[in-house]
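Heads up, work.csv below (CSV, C-alpha atoms and all ligand atoms):
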chain,number,residue,atom,x,y,z
A,273,MET,CA,0.0,0.0,0.0
A,274,ARG,CA,2.9,2.3,0.6
A,275,ALA,CA,4.1,1.7,-2.9
A,276,ALA,CA,0.7,2.4,-4.4
A,277,GLY,CA,0.4,5.5,-2.3
A,278,ARG,CA,3.8,6.7,-3.4
A,279,ILE,CA,2.7,6.6,-7.0
A,280,VAL,CA,-0.4,8.6,-6.2
A,281,ALA,CA,1.8,11.2,-4.4
A,282,GLU,CA,4.1,11.4,-7.3
A,283,VAL,CA,1.3,11.9,-9.8
A,284,LEU,CA,-0.3,14.7,-7.7
A,285,SER,CA,3.0,16.5,-7.2
A,286,ARG,CA,3.6,16.4,-10.9
A,287,LEU,CA,0.1,17.7,-11.8
A,288,GLU,CA,0.1,20.5,-9.2
A,289,PRO,CA,2.5,22.7,-11.1
A,290,MET,CA,0.7,21.9,-14.4
A,291,VAL,CA,-2.4,23.6,-13.0
A,292,GLN,CA,-2.2,26.9,-14.9
A,293,PRO,CA,-4.8,29.0,-16.8
A,294,GLY,CA,-5.5,27.4,-20.2
A,295,ILE,CA,-4.7,23.8,-19.5
A,296,SER,CA,-7.6,21.4,-19.9
A,297,THR,CA,-8.6,18.8,-17.4
A,298,ARG,CA,-8.1,16.2,-20.1
A,299,ASP,CA,-4.4,17.2,-20.3
A,300,LEU,CA,-4.0,16.6,-16.6
A,301,ASP,CA,-5.8,13.2,-16.8
A,302,HIS,CA,-3.6,12.0,-19.7
A,303,GLU,CA,-0.4,12.9,-17.8
A,304,ALA,CA,-1.7,11.1,-14.7
A,305,GLU,CA,-2.5,8.0,-16.7
A,306,ARG,CA,0.9,8.0,-18.4
A,307,MET,CA,2.7,8.3,-15.1
A,308,ILE,CA,0.7,5.6,-13.4
A,309,ARG,CA,1.2,3.1,-16.2
A,310,ASP,CA,4.9,4.0,-16.5
A,311,ALA,CA,5.2,3.2,-12.8
A,312,GLY,CA,3.6,-0.2,-13.3
A,313,GLY,CA,0.3,0.8,-11.7
A,314,ILE,CA,-3.3,0.7,-12.8
A,315,PRO,CA,-5.5,3.8,-12.6
A,316,THR,CA,-8.0,2.6,-10.1
A,317,PHE,CA,-10.7,5.1,-11.2
A,318,LYS,CA,-10.7,4.2,-14.8
A,319,GLY,CA,-13.6,1.8,-15.4
A,320,TYR,CA,-14.7,2.0,-11.8
A,321,HIS,CA,-18.5,1.8,-12.1
A,322,GLY,CA,-17.8,3.1,-15.7
A,323,PHE,CA,-15.9,6.2,-14.7
A,324,PRO,CA,-14.0,7.1,-17.9
A,325,ALA,CA,-10.7,8.7,-16.6
A,326,SER,CA,-7.7,8.3,-14.3
A,327,ILE,CA,-8.4,11.3,-12.2
A,328,CYS,CA,-11.4,13.2,-11.0
A,329,ALA,CA,-11.1,16.9,-11.8
A,330,SER,CA,-13.6,19.1,-9.9
A,331,ILE,CA,-13.7,22.8,-10.5
A,332,ASN,CA,-15.0,25.5,-8.2
A,333,ASP,CA,-18.6,24.5,-7.2
A,334,GLU,CA,-17.9,20.9,-8.3
A,335,VAL,CA,-17.2,19.0,-5.0
A,336,VAL,CA,-15.9,15.6,-6.2
A,337,HIS,CA,-16.1,13.2,-9.2
A,338,GLY,CA,-15.8,15.7,-12.0
A,339,ILE,CA,-15.0,14.0,-15.3
A,340,PRO,CA,-11.9,15.4,-17.1
A,341,GLY,CA,-12.6,16.8,-20.5
A,342,SER,CA,-12.0,19.8,-22.9
A,343,ARG,CA,-12.8,22.4,-20.2
A,344,LYS,CA,-9.9,24.7,-19.7
A,345,LEU,CA,-8.9,26.1,-16.4
A,346,ASN,CA,-9.3,29.9,-15.8
A,347,GLU,CA,-7.4,32.3,-13.6
A,348,GLY,CA,-9.2,32.3,-10.2
A,349,ASP,CA,-10.6,28.8,-10.4
A,350,ILE,CA,-9.8,26.1,-7.9
A,351,ILE,CA,-9.5,22.5,-9.1
A,352,GLY,CA,-9.8,19.4,-6.9
A,353,ILE,CA,-7.7,16.6,-8.4
A,354,ASP,CA,-8.4,13.1,-7.0
A,355,CYS,CA,-6.2,10.1,-8.0
A,356,GLY,CA,-6.3,6.4,-7.2
A,357,VAL,CA,-3.6,3.9,-8.1
A,358,THR,CA,-3.7,0.1,-7.8
A,359,TYR,CA,-0.2,-1.4,-7.5
A,360,GLN,CA,0.4,-5.1,-7.1
A,361,GLY,CA,-3.2,-5.5,-5.9
A,362,PHE,CA,-3.3,-2.7,-3.4
A,363,VAL,CA,-4.8,0.8,-3.7
A,364,GLY,CA,-3.7,4.3,-2.8
A,365,ASP,CA,-6.2,7.2,-2.9
A,366,ALA,CA,-5.5,10.9,-2.4
A,367,ALA,CA,-6.7,14.3,-3.5
A,368,VAL,CA,-5.6,18.0,-3.5
A,369,THR,CA,-7.3,21.2,-4.3
A,370,VAL,CA,-5.1,23.6,-6.3
A,371,PRO,CA,-5.6,27.3,-7.0
A,372,VAL,CA,-5.4,28.4,-10.6
A,373,GLY,CA,-3.2,31.5,-10.7
A,374,HIS,CA,-4.5,34.2,-8.4
A,375,VAL,CA,-7.6,33.2,-6.4
A,376,SER,CA,-9.7,35.4,-4.2
A,377,GLU,CA,-8.8,35.6,-0.5
A,378,ASP,CA,-12.0,33.9,0.7
A,379,VAL,CA,-11.6,31.0,-1.6
A,380,LEU,CA,-7.9,30.6,-0.8
A,381,ARG,CA,-8.8,30.5,2.9
A,382,LEU,CA,-11.4,27.8,2.2
A,383,VAL,CA,-8.8,25.7,0.5
A,384,GLU,CA,-6.2,26.2,3.3
A,385,ALA,CA,-8.7,25.4,6.0
A,386,THR,CA,-9.8,22.2,4.2
A,387,LYS,CA,-6.2,21.0,4.0
A,388,ALA,CA,-5.6,21.8,7.6
A,389,SER,CA,-8.7,20.0,8.6
A,390,LEU,CA,-7.4,16.9,6.9
A,391,TYR,CA,-4.2,17.0,9.0
A,392,ALA,CA,-6.2,17.6,12.2
A,393,ALA,CA,-8.1,14.4,11.3
A,394,ILE,CA,-4.9,12.5,10.6
A,395,GLU,CA,-3.6,13.4,14.0
A,396,GLN,CA,-6.6,11.6,15.5
A,397,CYS,CA,-5.7,8.4,13.7
A,398,GLN,CA,-4.2,6.9,16.9
A,399,SER,CA,-4.8,3.3,17.9
A,400,GLY,CA,-7.7,3.3,20.4
A,401,ASN,CA,-9.2,6.5,19.2
A,402,ARG,CA,-12.6,6.2,17.5
A,403,LEU,CA,-14.0,7.2,14.1
A,404,GLY,CA,-16.0,9.9,15.7
A,405,ASP,CA,-12.7,11.5,16.9
A,406,VAL,CA,-11.5,11.6,13.3
A,407,GLY,CA,-14.7,13.0,11.8
A,408,ASN,CA,-15.1,15.5,14.6
A,409,ALA,CA,-11.6,16.9,14.0
A,410,VAL,CA,-12.6,17.9,10.5
A,411,GLU,CA,-15.8,19.7,11.4
A,412,ALA,CA,-14.4,21.2,14.6
A,413,TYR,CA,-11.7,22.8,12.5
A,414,VAL,CA,-13.8,24.3,9.7
A,415,ALA,CA,-17.2,25.0,11.3
A,416,PRO,CA,-15.9,27.9,13.4
A,417,LYS,CA,-14.6,29.5,10.2
A,418,GLY,CA,-18.2,29.5,8.8
A,419,TYR,CA,-17.7,26.6,6.4
A,420,THR,CA,-19.8,23.5,6.1
A,421,VAL,CA,-18.9,19.8,5.8
A,422,VAL,CA,-20.5,17.8,3.0
A,423,ARG,CA,-22.7,15.1,4.5
A,424,ASN,CA,-23.5,12.9,1.5
A,425,TYR,CA,-20.0,11.7,0.8
A,426,CYS,CA,-17.3,10.5,3.1
A,427,GLY,CA,-13.9,8.8,3.4
A,428,HIS,CA,-13.5,5.0,3.6
A,429,GLY,CA,-11.4,2.0,4.4
A,430,VAL,CA,-8.9,1.2,1.6
A,431,GLY,CA,-6.9,-1.9,0.9
A,432,ARG,CA,-7.3,-4.4,-2.0
A,433,ALA,CA,-10.3,-2.4,-3.1
A,434,MET,CA,-10.6,1.4,-3.2
A,435,HIS,CA,-13.8,1.5,-1.1
A,436,GLU,CA,-13.8,-0.8,1.9
A,437,ASP,CA,-15.5,-0.6,5.3
A,438,PRO,CA,-15.7,1.5,7.4
A,439,GLN,CA,-17.2,4.7,6.1
A,440,VAL,CA,-15.2,7.7,7.5
A,441,PRO,CA,-17.5,10.7,7.8
A,442,ASN,CA,-16.1,14.2,8.1
A,443,TYR,CA,-18.2,14.9,11.2
A,444,GLY,CA,-18.9,12.9,14.3
A,445,MET,CA,-19.1,12.7,18.0
A,446,PRO,CA,-15.8,12.5,19.9
A,447,GLY,CA,-15.4,9.1,21.6
A,448,LYS,CA,-18.1,7.5,19.4
A,449,GLY,CA,-17.9,5.0,16.6
A,450,ALA,CA,-15.6,2.1,15.8
A,451,ARG,CA,-12.3,1.9,17.6
A,452,LEU,CA,-9.2,2.4,15.3
A,453,ARG,CA,-6.7,-0.4,15.5
A,454,PRO,CA,-3.1,-0.9,14.2
A,455,GLY,CA,-3.3,-2.3,10.7
A,456,TRP,CA,-6.3,-0.2,9.7
A,457,VAL,CA,-5.8,1.9,6.6
A,458,ILE,CA,-8.4,4.6,5.9
A,459,ALA,CA,-8.8,7.3,3.3
A,460,ILE,CA,-9.7,10.6,5.0
A,461,GLU,CA,-11.2,13.1,2.6
A,462,PRO,CA,-12.8,16.3,3.9
A,463,MET,CA,-15.1,18.0,1.4
A,464,VAL,CA,-15.7,21.5,2.7
A,465,ASN,CA,-18.1,24.1,1.3
A,466,LEU,CA,-18.0,27.9,1.4
A,467,GLY,CA,-21.8,28.0,1.6
A,468,ASN,CA,-24.2,25.3,2.7
A,469,TYR,CA,-23.5,21.6,2.7
A,470,ASP,CA,-26.2,20.6,0.2
A,471,VAL,CA,-24.9,18.9,-2.9
A,472,LYS,CA,-26.4,17.2,-6.0
A,473,VAL,CA,-25.3,15.0,-8.8
A,474,MET,CA,-25.2,16.6,-12.3
A,475,SER,CA,-26.9,15.0,-15.4
A,476,ASP,CA,-23.6,13.3,-16.4
A,477,GLY,CA,-24.3,10.9,-13.4
A,478,TRP,CA,-20.9,11.7,-11.8
A,479,THR,CA,-20.1,15.3,-11.1
A,480,VAL,CA,-21.2,16.4,-7.6
A,481,VAL,CA,-21.8,20.1,-7.2
A,482,THR,CA,-22.9,22.4,-4.4
A,483,THR,CA,-26.6,23.4,-4.8
A,484,ASP,CA,-25.9,27.0,-4.0
A,485,GLY,CA,-23.1,27.3,-6.6
A,486,LEU,CA,-20.5,28.3,-4.1
A,487,PRO,CA,-17.0,26.8,-4.2
A,488,SER,CA,-16.0,23.6,-2.4
A,489,ALA,CA,-12.5,22.2,-1.5
A,490,HIS,CA,-11.4,18.6,-1.2
A,491,PHE,CA,-8.2,17.0,0.2
A,492,GLU,CA,-7.5,13.4,0.8
A,493,HIS,CA,-4.8,11.1,2.1
A,494,THR,CA,-4.6,7.3,2.6
A,495,VAL,CA,-3.5,6.8,6.3
A,496,ALA,CA,-2.3,3.7,8.1
A,497,VAL,CA,-3.0,3.4,11.8
A,498,THR,CA,0.1,2.0,13.5
A,499,GLU,CA,1.3,1.4,17.1
A,500,GLU,CA,3.6,4.4,16.5
A,501,GLY,CA,0.8,6.6,15.3
A,502,PRO,CA,-0.6,7.6,11.9
A,503,GLN,CA,1.4,7.1,8.8
A,504,VAL,CA,0.4,8.9,5.6
A,505,LEU,CA,0.9,6.5,2.7
A,506,THR,CA,0.2,9.1,0.0
A,507,SER,CA,2.8,11.7,0.7
A,508,LEU,CA,6.3,12.1,-0.7
A,509,GLY,CA,7.8,13.0,2.7
A,510,ASN,CA,8.7,10.7,5.5
A,511,HIS,CA,5.2,9.3,5.8
A,512,SER,CA,4.7,11.0,9.2
A,513,ALA,CA,1.6,13.1,9.7
A,514,SER,CA,3.4,16.3,9.0
A,515,GLN,CA,2.0,18.6,6.3
A,516,SER,CA,3.8,17.8,3.1
A,601,MG,MG,-10.0,9.8,-3.8
A,602,MG,MG,-11.4,8.3,-1.5

Encoding of this model in structure tokens:
Amino acid sequence: MRAAGRIVAEVLSRLEPMVQPGISTRDLDHEAERMIRDAGGIPTFKGYHGFPASICASINDEVVHGIPGSRKLNEGDIIGIDCGVTYQGFVGDAAVTVPVGHVSEDVLRLVEATKASLYAAIEQCQSGNRLGDVGNAVEAYVAPKGYTVVRNYCGHGVGRAMHEDPQVPNYGMPGKGARLRPGWVIAIEPMVNLGNYDVKVMSDGWTVVTTDGLPSAHFEHTVAVTEEGPQVLTSLGNHSASQS
């Protein structure tokens, strides 16, 4: 899983600087697929319930599951890029939200708070803590800033399949829910909205958007629970819970 996660991290770190005004989401997708296959991996998303691409590309009010295509990025957009890789039978899953050129202060703050809420949740991935501690860490971080946490979608266990038990909501009651144990690997993925938390699926059957049209940000890491604390499997750093 560490090897699968490493490929995901390499793809996302390659795509991030490619995010510039004028590039299409299809260009990003093609680069991701090329890198994944060159590394000996399989793009987990491609063909998953018929999804046609190797990344999800979700712009502005699109929350998750946007389909890459001819749409070009504009200055001031934000784009969520979600990538999954299967390597030797195991899956890594991670996402980042990247500003396109200069982005308004309020949107930039949303993006930064969403990222920070992911790391607050990762810190809670200690053996003996409960899933409610993880989810609560996200909401407790963003709600005081006036943001809302998407209810209809959540994180998940990850292993030989991308989506395994348990579900990992981005809200919860501290001390409630299943107890985390060493050996668990979960994908934590806060989806945080500038406006209200209501979302709907577009007519393409995939793209999830906010109903109020306001922007949403999304970050995700695949995290292992160990006796020594959480290990981020989808970062390029030292796999500790530090922000990298
Ligand atoms: Mg993902
Ligand atoms: Mg996921």

Requested in this report: Find the residue from A:Gln439, A:Gln292, A:Asn346, A:Asn465 that sits nearest to His490 in chain A; use only C-alpha atoms when measuring.
Outcome: A:Asn465

Query raised in the report: Can you tell me, as an MDAnalysis selection string, what residues are no more than 12 Å from range 318-320 of chain A when counting only C-alpha atoms, ignoring any on the same chain fewer than 2 positions away?
Result: chainID A and resid 301:302 304:305 308 313:316 322:328 337 339:340 355:358 433:435 478

Which residues of range 402-439 of chain A come within 8 Å of range 386-389 of chain A, and what is each one's closest atom pair and distance in Å (one decimal), counting all atoms listed in the file, sorted by chain and residue number, as a tab-separated table?
residue	atom	partner	partner_atom	distance
A:Ala409	CA	A:Ser389	CA	6.9
A:Val410	CA	A:Ser389	CA	4.8
A:Glu411	CA	A:Ser389	CA	7.6
A:Tyr413	CA	A:Ser389	CA	5.7
A:Val414	CA	A:Ser389	CA	6.8

Report task. Would you mind telling me which residue in A:Val368, A:Val480, A:Leu466, A:Ala281 lies nearest to Tyr419 in chain A when using only C-alpha atoms? Result ->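 For Tyr419 in chain A, the nearest of the candidates is A:Leu466.
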
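The two atoms in question, CA of Glu384 in chain A and CA of Glu492 in chain A, are spaced 13.1 Å apart.
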
Query raised in the report: Can you tell me, as a list in words, what residues are no more than 9 Å from range 496-510 of chain A when counting all atoms listed in the file, ignoring any on the same chain fewer than 6 positions away?
Result: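 Selected residues are Met273, Arg274, Ala275, Ala276, Gly277, Arg278, Ile279, Val280, Ala281, Glu282, Ser285, Gly364, Asp365, Ala366, Ile394, Glu395, Gln396, Cys397, Gln398, Ser399, Leu452, Arg453, Pro454, Gly455, Trp456, Val457, Ile458, Ala459 and Ser516 of chain A.
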